[in-house]
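File shown here: protein-v2.cif, holding mmCIF, C-alpha atoms.
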```cif
data_data
#
loop_
_atom_site.group_PDB
_atom_site.id
_atom_site.type_symbol
_atom_site.label_atom_id
_atom_site.label_comp_id
_atom_site.auth_asym_id
_atom_site.auth_seq_id
_atom_site.Cartn_x
_atom_site.Cartn_y
_atom_site.Cartn_z
ATOM 1 C CA MET A 1 0.467 20.051 -12.956
ATOM 2 C CA ALA A 2 3.442 18.982 -15.077
ATOM 3 C CA TYR A 3 5.598 16.332 -13.428
ATOM 4 C CA ASP A 4 9.187 15.506 -14.327
ATOM 5 C CA PRO A 5 8.839 12.304 -16.390
ATOM 6 C CA GLY A 6 11.883 10.881 -14.609
ATOM 7 C CA SER A 7 10.368 11.317 -11.177
ATOM 8 C CA PHE A 8 8.394 8.858 -9.072
ATOM 9 C CA VAL A 9 5.555 8.968 -6.546
ATOM 10 C CA HIS A 10 5.380 6.581 -3.596
ATOM 11 C CA LEU A 11 1.821 5.274 -3.312
ATOM 12 C CA HIS A 12 2.286 2.653 -0.593
ATOM 13 C CA GLY A 13 3.837 3.625 2.713
ATOM 14 C CA HIS A 14 3.405 3.996 6.441
ATOM 15 C CA SER A 15 3.807 6.557 9.192
ATOM 16 C CA HIS A 16 3.802 6.149 12.967
ATOM 17 C CA TYR A 17 0.009 5.893 12.652
ATOM 18 C CA SER A 18 0.604 2.316 11.503
ATOM 19 C CA LEU A 19 0.833 1.614 15.193
ATOM 20 C CA LEU A 20 4.021 -0.190 16.350
ATOM 21 C CA ASP A 21 4.759 -0.896 12.677
ATOM 22 C CA GLY A 22 5.542 2.420 10.997
ATOM 23 C CA GLY A 23 8.735 4.127 12.116
ATOM 24 C CA ALA A 24 8.471 7.465 10.269
ATOM 25 C CA THR A 25 6.745 10.668 11.317
ATOM 26 C CA ILE A 26 4.496 12.603 8.972
ATOM 27 C CA ASP A 27 6.839 15.603 9.062
ATOM 28 C CA GLY A 28 9.815 13.368 8.329
ATOM 29 C CA LEU A 29 8.171 11.661 5.368
ATOM 30 C CA LEU A 30 7.064 14.900 3.767
ATOM 31 C CA LYS A 31 10.378 16.659 4.362
ATOM 32 C CA LYS A 32 12.320 13.837 2.726
ATOM 33 C CA THR A 33 9.825 13.685 -0.159
ATOM 34 C CA LYS A 34 10.492 17.374 -0.800
ATOM 35 C CA GLU A 35 14.261 16.917 -0.503
ATOM 36 C CA LEU A 36 14.169 14.068 -3.037
ATOM 37 C CA GLY A 37 12.270 16.256 -5.496
ATOM 38 C CA MET A 38 9.141 14.113 -5.614
ATOM 39 C CA PRO A 39 5.924 16.057 -6.324
ATOM 40 C CA ALA A 40 3.567 13.885 -4.290
ATOM 41 C CA ILE A 41 3.360 10.964 -1.886
ATOM 42 C CA ALA A 42 0.548 8.817 -0.492
ATOM 43 C CA LEU A 43 -0.032 7.677 3.065
ATOM 44 C CA THR A 44 -1.522 4.174 3.392
ATOM 45 C CA ASP A 45 -1.388 3.315 7.061
ATOM 46 C CA HIS A 46 -2.556 -0.114 8.153
ATOM 47 C CA GLY A 47 -6.320 -0.260 8.590
ATOM 48 C CA ASN A 48 -6.844 3.341 9.675
ATOM 49 C CA LEU A 49 -7.128 6.986 8.639
ATOM 50 C CA PHE A 50 -5.793 8.409 11.903
ATOM 51 C CA GLY A 51 -3.186 10.542 10.157
ATOM 52 C CA ALA A 52 -5.194 11.577 7.095
ATOM 53 C CA VAL A 53 -6.022 15.194 7.960
ATOM 54 C CA GLU A 54 -2.612 15.879 9.520
ATOM 55 C CA TRP A 55 -1.003 14.317 6.433
ATOM 56 C CA TYR A 56 -2.892 16.473 3.967
ATOM 57 C CA THR A 57 -2.468 19.750 5.852
ATOM 58 C CA THR A 58 1.235 19.179 6.610
ATOM 59 C CA ALA A 59 1.931 18.292 2.967
ATOM 60 C CA LYS A 60 0.695 21.727 1.917
ATOM 61 C CA LYS A 61 3.357 23.321 4.116
ATOM 62 C CA PHE A 62 6.035 21.409 2.230
ATOM 63 C CA ASP A 63 4.446 22.182 -1.173
ATOM 64 C CA VAL A 64 3.958 18.462 -1.760
ATOM 65 C CA LYS A 65 0.722 16.776 -2.794
ATOM 66 C CA GLY A 66 -0.254 14.616 0.172
ATOM 67 C CA ILE A 67 -2.421 11.802 -1.208
ATOM 68 C CA VAL A 68 -4.727 10.280 1.391
ATOM 69 C CA GLY A 69 -5.121 6.524 1.529
ATOM 70 C CA CYS A 70 -5.310 3.394 3.641
ATOM 71 C CA GLU A 71 -3.951 -0.133 3.448
ATOM 72 C CA PHE A 72 -7.150 -2.032 4.081
ATOM 73 C CA TYR A 73 -7.450 -5.607 5.247
ATOM 74 C CA VAL A 74 -9.824 -7.634 3.061
ATOM 75 C CA ALA A 75 -11.626 -10.727 4.343
ATOM 76 C CA PRO A 76 -11.189 -13.850 2.148
ATOM 77 C CA GLY A 77 -14.969 -14.164 1.993
ATOM 78 C CA SER A 78 -17.570 -12.131 3.845
ATOM 79 C CA ARG A 79 -16.429 -9.615 6.443
ATOM 80 C CA PHE A 80 -19.000 -11.236 8.740
ATOM 81 C CA ASP A 81 -17.233 -14.633 8.596
ATOM 82 C CA LYS A 82 -14.923 -14.958 11.575
ATOM 83 C CA ASP A 83 -13.761 -18.548 11.595
ATOM 84 C CA ALA A 84 -10.192 -18.379 10.238
ATOM 85 C CA HIS A 85 -7.624 -20.415 12.146
ATOM 86 C CA GLY A 86 -5.132 -17.577 12.505
ATOM 87 C CA ILE A 87 -4.302 -13.966 11.716
ATOM 88 C CA SER A 88 -2.578 -14.821 8.429
ATOM 89 C CA GLU A 89 -5.728 -16.518 7.141
ATOM 90 C CA ALA A 90 -8.128 -13.816 8.321
ATOM 91 C CA ALA A 91 -7.394 -11.111 5.744
ATOM 92 C CA TYR A 92 -5.418 -9.966 2.718
ATOM 93 C CA HIS A 93 -3.845 -6.526 2.302
ATOM 94 C CA LEU A 94 -5.141 -3.905 -0.144
ATOM 95 C CA PRO A 95 -3.610 -0.410 -0.545
ATOM 96 C CA VAL A 96 -6.199 2.194 -1.569
ATOM 97 C CA VAL A 97 -5.757 5.916 -2.311
ATOM 98 C CA VAL A 98 -8.330 8.679 -2.661
ATOM 99 C CA LYS A 99 -8.820 10.228 -6.084
ATOM 100 C CA ASP A 100 -11.601 12.764 -5.479
ATOM 101 C CA ALA A 101 -14.296 13.970 -3.071
ATOM 102 C CA THR A 102 -16.449 10.896 -3.728
ATOM 103 C CA GLY A 103 -13.485 8.684 -2.895
ATOM 104 C CA TRP A 104 -12.982 10.585 0.376
ATOM 105 C CA LYS A 105 -16.606 9.977 1.347
ATOM 106 C CA ASN A 106 -16.300 6.312 0.450
ATOM 107 C CA ILE A 107 -13.045 5.672 2.304
ATOM 108 C CA LEU A 108 -14.664 7.323 5.345
ATOM 109 C CA LYS A 109 -17.425 4.731 5.073
ATOM 110 C CA LEU A 110 -15.108 1.772 4.557
ATOM 111 C CA ALA A 111 -12.721 2.468 7.448
ATOM 112 C CA PRO A 112 -15.305 2.467 10.275
ATOM 113 C CA LEU A 113 -17.250 -0.378 8.654
ATOM 114 C CA ALA A 114 -14.059 -2.438 8.818
ATOM 115 C CA CYS A 115 -13.953 -1.921 12.582
ATOM 116 C CA THR A 116 -17.630 -2.268 13.434
ATOM 117 C CA GLU A 117 -18.658 -5.092 11.088
ATOM 118 C CA GLY A 118 -15.515 -6.810 9.884
ATOM 119 C CA PHE A 119 -13.121 -6.802 12.840
ATOM 120 C CA TYR A 120 -11.470 -10.173 13.334
ATOM 121 C CA TYR A 121 -7.832 -9.934 14.413
ATOM 122 C CA ARG A 122 -7.792 -6.759 12.287
ATOM 123 C CA PRO A 123 -10.367 -4.305 10.908
ATOM 124 C CA ARG A 124 -11.570 -5.883 7.646
ATOM 125 C CA VAL A 125 -13.645 -4.948 4.624
ATOM 126 C CA ASP A 126 -14.758 -7.381 1.927
ATOM 127 C CA LYS A 127 -15.409 -7.271 -1.806
ATOM 128 C CA GLU A 128 -19.087 -6.569 -1.225
ATOM 129 C CA ALA A 129 -18.245 -3.408 0.719
ATOM 130 C CA LEU A 130 -15.575 -2.419 -1.811
ATOM 131 C CA ALA A 131 -18.067 -2.784 -4.647
ATOM 132 C CA LYS A 132 -20.597 -0.619 -2.787
ATOM 133 C CA TYR A 133 -18.090 2.141 -1.970
ATOM 134 C CA HIS A 134 -15.677 1.882 -4.903
ATOM 135 C CA GLU A 135 -16.118 5.220 -6.625
ATOM 136 C CA GLY A 136 -13.269 7.709 -6.434
ATOM 137 C CA LEU A 137 -10.695 5.191 -5.193
ATOM 138 C CA VAL A 138 -7.514 3.865 -6.809
ATOM 139 C CA VAL A 139 -6.615 0.337 -5.710
ATOM 140 C CA MET A 140 -3.446 -1.777 -5.891
ATOM 141 C CA ASN A 141 -3.108 -5.545 -5.399
ATOM 142 C CA GLY A 142 -0.127 -7.800 -5.957
ATOM 143 C CA HIS A 143 2.524 -7.330 -3.266
ATOM 144 C CA PHE A 144 3.192 -10.022 -0.640
ATOM 145 C CA GLY A 145 0.165 -10.335 1.627
ATOM 146 C CA THR A 146 -2.430 -9.597 -1.043
ATOM 147 C CA GLU A 147 -4.888 -12.058 -2.530
ATOM 148 C CA ILE A 148 -3.291 -12.024 -5.972
ATOM 149 C CA SER A 149 0.191 -12.736 -4.611
ATOM 150 C CA ALA A 150 -1.151 -15.561 -2.435
ATOM 151 C CA LEU A 151 -2.651 -17.227 -5.497
ATOM 152 C CA VAL A 152 0.531 -16.712 -7.529
ATOM 153 C CA GLU A 153 2.615 -18.212 -4.713
ATOM 154 C CA LYS A 154 0.392 -21.302 -4.784
ATOM 155 C CA GLY A 155 0.957 -21.598 -8.521
ATOM 156 C CA ASP A 156 -2.684 -20.803 -9.258
ATOM 157 C CA MET A 157 -2.216 -18.388 -12.140
ATOM 158 C CA GLU A 158 -5.770 -18.879 -13.376
ATOM 159 C CA GLY A 159 -7.066 -17.955 -9.936
ATOM 160 C CA ALA A 160 -4.788 -14.899 -9.806
ATOM 161 C CA VAL A 161 -6.017 -13.705 -13.213
ATOM 162 C CA ALA A 162 -9.619 -14.257 -12.130
ATOM 163 C CA CYS A 163 -8.989 -12.317 -8.912
ATOM 164 C CA ALA A 164 -7.486 -9.419 -10.853
ATOM 165 C CA GLY A 165 -10.550 -9.536 -13.077
ATOM 166 C CA GLN A 166 -12.838 -9.265 -10.052
ATOM 167 C CA TYR A 167 -11.040 -6.145 -8.856
ATOM 168 C CA LYS A 168 -11.072 -4.703 -12.366
ATOM 169 C CA ASP A 169 -14.821 -5.303 -12.520
ATOM 170 C CA ILE A 170 -15.192 -3.293 -9.299
ATOM 171 C CA PHE A 171 -12.691 -0.470 -9.894
ATOM 172 C CA GLY A 172 -12.305 -0.392 -13.665
ATOM 173 C CA ASP A 173 -9.256 1.555 -14.863
ATOM 174 C CA ASP A 174 -8.483 2.511 -11.259
ATOM 175 C CA PHE A 175 -7.266 -1.004 -10.432
ATOM 176 C CA TYR A 176 -3.528 -1.707 -10.740
ATOM 177 C CA VAL A 177 -1.409 -4.813 -10.290
ATOM 178 C CA GLU A 178 1.281 -3.807 -7.797
ATOM 179 C CA LEU A 179 4.959 -4.710 -8.180
ATOM 180 C CA GLN A 180 7.494 -4.575 -5.352
ATOM 181 C CA ASN A 181 11.179 -5.472 -5.283
ATOM 182 C CA HIS A 182 12.918 -5.409 -1.912
ATOM 183 C CA PHE A 183 15.599 -7.756 -3.277
ATOM 184 C CA ASP A 184 13.942 -10.796 -1.725
ATOM 185 C CA PRO A 185 14.514 -13.722 -4.142
ATOM 186 C CA ALA A 186 10.918 -14.970 -3.776
ATOM 187 C CA GLN A 187 9.576 -11.485 -4.415
ATOM 188 C CA VAL A 188 11.823 -10.972 -7.446
ATOM 189 C CA ALA A 189 10.703 -14.335 -8.863
ATOM 190 C CA MET A 190 7.086 -13.243 -8.542
ATOM 191 C CA ILE A 191 7.471 -10.093 -10.681
ATOM 192 C CA PRO A 192 7.254 -11.761 -14.127
ATOM 193 C CA ARG A 193 4.244 -13.788 -12.968
ATOM 194 C CA LEU A 194 2.488 -10.648 -11.715
ATOM 195 C CA ILE A 195 3.228 -8.951 -15.041
ATOM 196 C CA GLU A 196 1.613 -11.937 -16.753
ATOM 197 C CA VAL A 197 -1.438 -11.631 -14.488
ATOM 198 C CA ALA A 198 -1.742 -7.939 -15.355
ATOM 199 C CA ARG A 199 -1.381 -8.614 -19.075
ATOM 200 C CA ARG A 200 -3.942 -11.400 -19.105
ATOM 201 C CA ALA A 201 -6.458 -9.474 -17.001
ATOM 202 C CA GLY A 202 -5.924 -6.237 -18.923
ATOM 203 C CA CYS A 203 -4.743 -4.249 -15.900
ATOM 204 C CA PRO A 204 -1.980 -1.615 -15.680
ATOM 205 C CA LEU A 205 1.081 -2.063 -13.480
ATOM 206 C CA VAL A 206 2.281 0.157 -10.648
ATOM 207 C CA ALA A 207 5.597 0.047 -8.795
ATOM 208 C CA THR A 208 5.757 0.644 -5.049
ATOM 209 C CA ASN A 209 8.229 0.365 -2.194
ATOM 210 C CA ASP A 210 6.511 -0.561 1.058
ATOM 211 C CA HIS A 211 8.339 2.000 3.173
ATOM 212 C CA HIS A 212 8.050 1.770 6.962
ATOM 213 C CA TYR A 213 10.947 4.065 7.943
ATOM 214 C CA LEU A 214 12.760 7.041 6.457
ATOM 215 C CA HIS A 215 16.406 6.142 6.001
ATOM 216 C CA LYS A 216 18.277 2.886 5.456
ATOM 217 C CA GLU A 217 20.123 3.432 8.727
ATOM 218 C CA ASP A 218 16.788 3.548 10.593
ATOM 219 C CA TYR A 219 16.393 -0.212 10.183
ATOM 220 C CA ALA A 220 17.706 -1.115 13.652
ATOM 221 C CA ALA A 221 15.316 1.285 15.390
ATOM 222 C CA HIS A 222 12.410 -0.051 13.333
ATOM 223 C CA ASP A 223 13.465 -3.613 14.152
ATOM 224 C CA ALA A 224 13.273 -2.770 17.868
ATOM 225 C CA LEU A 225 9.834 -1.190 17.343
ATOM 226 C CA CYS A 226 8.601 -4.399 15.725
ATOM 227 C CA CYS A 227 9.936 -6.411 18.658
ATOM 228 C CA ILE A 228 7.796 -4.304 20.984
ATOM 229 C CA SER A 229 4.812 -4.942 18.727
ATOM 230 C CA MET A 230 5.354 -8.710 18.708
ATOM 231 C CA GLY A 231 6.403 -9.048 22.343
ATOM 232 C CA ARG A 232 9.756 -10.495 21.254
ATOM 233 C CA THR A 233 13.398 -9.593 21.841
ATOM 234 C CA LEU A 234 16.103 -8.667 19.350
ATOM 235 C CA SER A 235 17.954 -11.867 20.207
ATOM 236 C CA ASP A 236 14.999 -14.053 19.198
ATOM 237 C CA GLU A 237 16.021 -15.557 15.853
ATOM 238 C CA THR A 238 12.567 -17.083 15.277
ATOM 239 C CA ARG A 239 10.741 -13.746 15.107
ATOM 240 C CA LEU A 240 9.535 -11.948 11.993
ATOM 241 C CA LYS A 241 12.181 -9.668 10.520
ATOM 242 C CA TYR A 242 11.359 -6.931 8.043
ATOM 243 C CA SER A 243 13.414 -6.200 4.954
ATOM 244 C CA LYS A 244 16.241 -3.681 5.190
ATOM 245 C CA GLU A 245 14.879 -2.092 1.983
ATOM 246 C CA LEU A 246 11.717 -0.570 3.482
ATOM 247 C CA PHE A 247 12.984 3.016 3.532
ATOM 248 C CA LEU A 248 11.830 5.967 1.425
ATOM 249 C CA LYS A 249 13.771 5.574 -1.805
ATOM 250 C CA SER A 250 14.557 8.292 -4.361
ATOM 251 C CA PRO A 251 13.071 8.416 -7.876
ATOM 252 C CA ALA A 252 16.455 7.351 -9.285
ATOM 253 C CA GLU A 253 16.565 4.304 -7.005
ATOM 254 C CA MET A 254 13.016 3.272 -7.905
ATOM 255 C CA ARG A 255 13.613 3.820 -11.629
ATOM 256 C CA GLN A 256 16.750 1.677 -11.435
ATOM 257 C CA ILE A 257 14.993 -1.134 -9.569
ATOM 258 C CA PHE A 258 12.164 -1.215 -12.116
ATOM 259 C CA ARG A 259 14.237 -0.338 -15.188
ATOM 260 C CA ASP A 260 12.754 -3.300 -17.083
ATOM 261 C CA VAL A 261 9.159 -2.123 -16.500
ATOM 262 C CA PRO A 262 9.339 1.691 -16.726
ATOM 263 C CA GLU A 263 5.577 1.950 -17.216
ATOM 264 C CA ALA A 264 5.117 0.757 -13.627
ATOM 265 C CA CYS A 265 6.983 3.876 -12.463
ATOM 266 C CA ASP A 266 5.346 6.145 -15.040
ATOM 267 C CA ASN A 267 1.947 5.072 -13.740
ATOM 268 C CA THR A 268 2.768 6.406 -10.264
ATOM 269 C CA LEU A 269 2.924 9.882 -11.793
ATOM 270 C CA ASP A 270 -0.321 9.338 -13.678
ATOM 271 C CA ILE A 271 -2.111 8.232 -10.507
ATOM 272 C CA ALA A 272 -0.752 11.232 -8.606
ATOM 273 C CA ARG A 273 -2.018 13.605 -11.291
ATOM 274 C CA ARG A 274 -5.495 12.090 -11.044
ATOM 275 C CA CYS A 275 -5.596 12.295 -7.259
ATOM 276 C CA ALA A 276 -6.980 15.835 -7.040
ATOM 277 C CA PHE A 277 -8.760 15.621 -3.695
ATOM 278 C CA ALA A 278 -8.680 18.394 -1.079
ATOM 279 C CA VAL A 279 -9.610 17.526 2.522
ATOM 280 C CA PRO A 280 -12.614 19.701 3.523
ATOM 281 C CA LYS A 281 -11.907 22.375 6.138
#
```

Any chance you could give the structure as structure tokens?
Amino acid sequence: MAYDPGSFVHLHGHSHYSLLDGGATIDGLLKKTKELGMPAIALTDHGNLFGAVEWYTTAKKFDVKGIVGCEFYVAPGSRFDKDAHGISEAAYHLPVVVKDATGWKNILKLAPLACTEGFYYRPRVDKEALAKYHEGLVVMNGHFGTEISALVEKGDMEGAVACAGQYKDIFGDDFYVELQNHFDPAQVAMIPRLIEVARRAGCPLVATNDHHYLHKEDYAAHDALCCISMGRTLSDETRLKYSKELFLKSPAEMRQIFRDVPEACDNTLDIARRCAFAVPK
């Protein structure tokens, strides 16, 4: 399928199946994707595949390629180690999308394994499991919350390059260093360092926007949803607050944000072309 070279495909995003975290419905996401003229979009809900079949079948109704995926949680060591001191130390994030039928079979193995063997605060996989079930999957690592970004934040560039190399060893050309820019100064400052990591490790770049709601004006409703999740109130100034940039952006907006690294946007189209999986009936 020929894609408009000026378009963009969102490969990291959440629906209401990211429970008490995603504020967009599957219908809403796919309708807006169609309206914005994007040929495809991935669903990477947190730690689950609850919406996968609905996502794929509904996408066909909108004549959009619905790419199935999951944002896995990855244990720092073995998934069987459960001695972290808190939720933030228990796992890193890792968006994964399905490329083909083998990838579908493997993601179906990883998701339940994360719950039955790795659960600690969250359902977790580890690098051993990823290496065993890696075929047919495209993987991204680099945004806040991932292992690479944690190492970069600590100033450990050698460790970040080595980590990227580990993922490249597992996934080969299907591993990408992920760039995000929600206009957070710390996140913006990380972009050139992540580009350096990718260059040194020999990995391609991919641009994403970690969307959790549809429209910019949906922020307040999503903020209230997160309060319910955390057991906090809107008036609590100490609570976690999400960015106001986590809405589904247009290709033009994404191309403008990443105008200095156009290949990171171009690669979203390349990944979408290679994701040719059809959910079995």

Once the PyMOL selection byres ((chain A and resi 246-252) around 7) is applied to the coordinates I shared, what remains selected? I want it as a PyMOL selection string. chain A and resi 7-8+36+209-216+243-245+253-256

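The interatomic distance for the pair atom CA of A:His12 and atom CA of A:Gly69 works out to 8.6 Å.
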
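Take the candidates A:Gly118, A:Gly103, A:Gly165, A:Pro76 and check each one against A:Thr146 using all atoms listed in the file; the shortest distance goes to A:Pro76.
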
Target residues per the PyMOL selection byres ((chain A and resi 99) around 7), formatted as a list in words: Val97, Val98, Asp100, Gly103, Gly136, Leu137, Val138, Arg274, Cys275, Ala276 and Phe277 of chain A

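Of note, atom CA of A:Cys115 and atom CA of A:Thr25 are spaced 24.3 Å apart.
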
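The smallest atom-to-atom distance between A:Ala42 and any of A:Lys105, A:Lys65, A:Lys60, A:Arg193, using only C-alpha atoms, is found for A:Lys65.
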
Expanded to explicit residues, what is the PyMOL selection byres ((chain A and resi 149) around 12) for this file, as a PyMOL selection string? chain A and resi 92-94+140-148+150-157+159-161+163-164+177-180+186-187+189-195+197-198

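Take atom CA of A:Lys281 and atom CA of A:Asp63: the distance between them is 17.9 Å.
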
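Distances from A:Gly6, A:Gly23, A:Gly47, A:Gly231 to A:Tyr219 were compared using only C-alpha atoms, and the smallest one belongs to A:Gly23.
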
Quick one: axis-aligned box around all listed atoms of stretch 89-93 of chain A, 4 Å on every side, centre and edge lengths in Å to one decimal, written as AutoDock Vina command-line options.
```
--center_x -6.0 --center_y -11.5 --center_z 5.3 --size_x 12.3 --size_y 18.0 --size_z 14.0
```

So, with only C-alpha atoms as the atoms that count, which of A:Ala162, A:Ala201, A:Ala101, A:Ala52 lies closest to A:Ser18? A:Ala52

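The smallest atom-to-atom distance between A:Leu130 and any of A:Phe72, A:Tyr242, A:Phe80, A:Trp104, using all atoms listed in the file, is found for A:Phe72.
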
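All polymer residues at most 12 Å from (1.5, 18.4, -13.6), using only C-alpha atoms, appear as Met1, Ala2, Tyr3, Asp4, Pro5, Ser7, Met38, Pro39, Ala40, Lys65, Leu269, Asp270, Ile271, Ala272, Arg273, Arg274, Cys275 and Ala276 of chain A.
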
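Residue neighbourhood of A:His14, excluding near-sequence residues (fewer than 5 positions): A:Gly22, A:Thr44, A:Asp45, A:His212, at 6 Å, using all atoms listed in the file.
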
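Nearest residue to A:Met230, choosing from A:Asn267, A:Arg79, A:Asp21, A:Ile107 and counting all atoms listed in the file: A:Asp21.
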
Near-A:Ala224 list (10 Å; all atoms listed in the file; drop same-chain fewer than 6 positions) as an mmCIF file with C-alpha atoms, keeping the file's coordinate frame:
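This is the output file part07.cif:
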```cif
data_model
loop_
_atom_site.group_PDB
_atom_site.id
_atom_site.type_symbol
_atom_site.label_atom_id
_atom_site.label_comp_id
_atom_site.auth_asym_id
_atom_site.auth_seq_id
_atom_site.Cartn_x
_atom_site.Cartn_y
_atom_site.Cartn_z
ATOM 1 C CA LEU A 20 4.021 -0.190 16.350
ATOM 2 C CA MET A 230 5.354 -8.710 18.708
ATOM 3 C CA ARG A 232 9.756 -10.495 21.254
ATOM 4 C CA THR A 233 13.398 -9.593 21.841
ATOM 5 C CA LEU A 234 16.103 -8.667 19.350
#
```
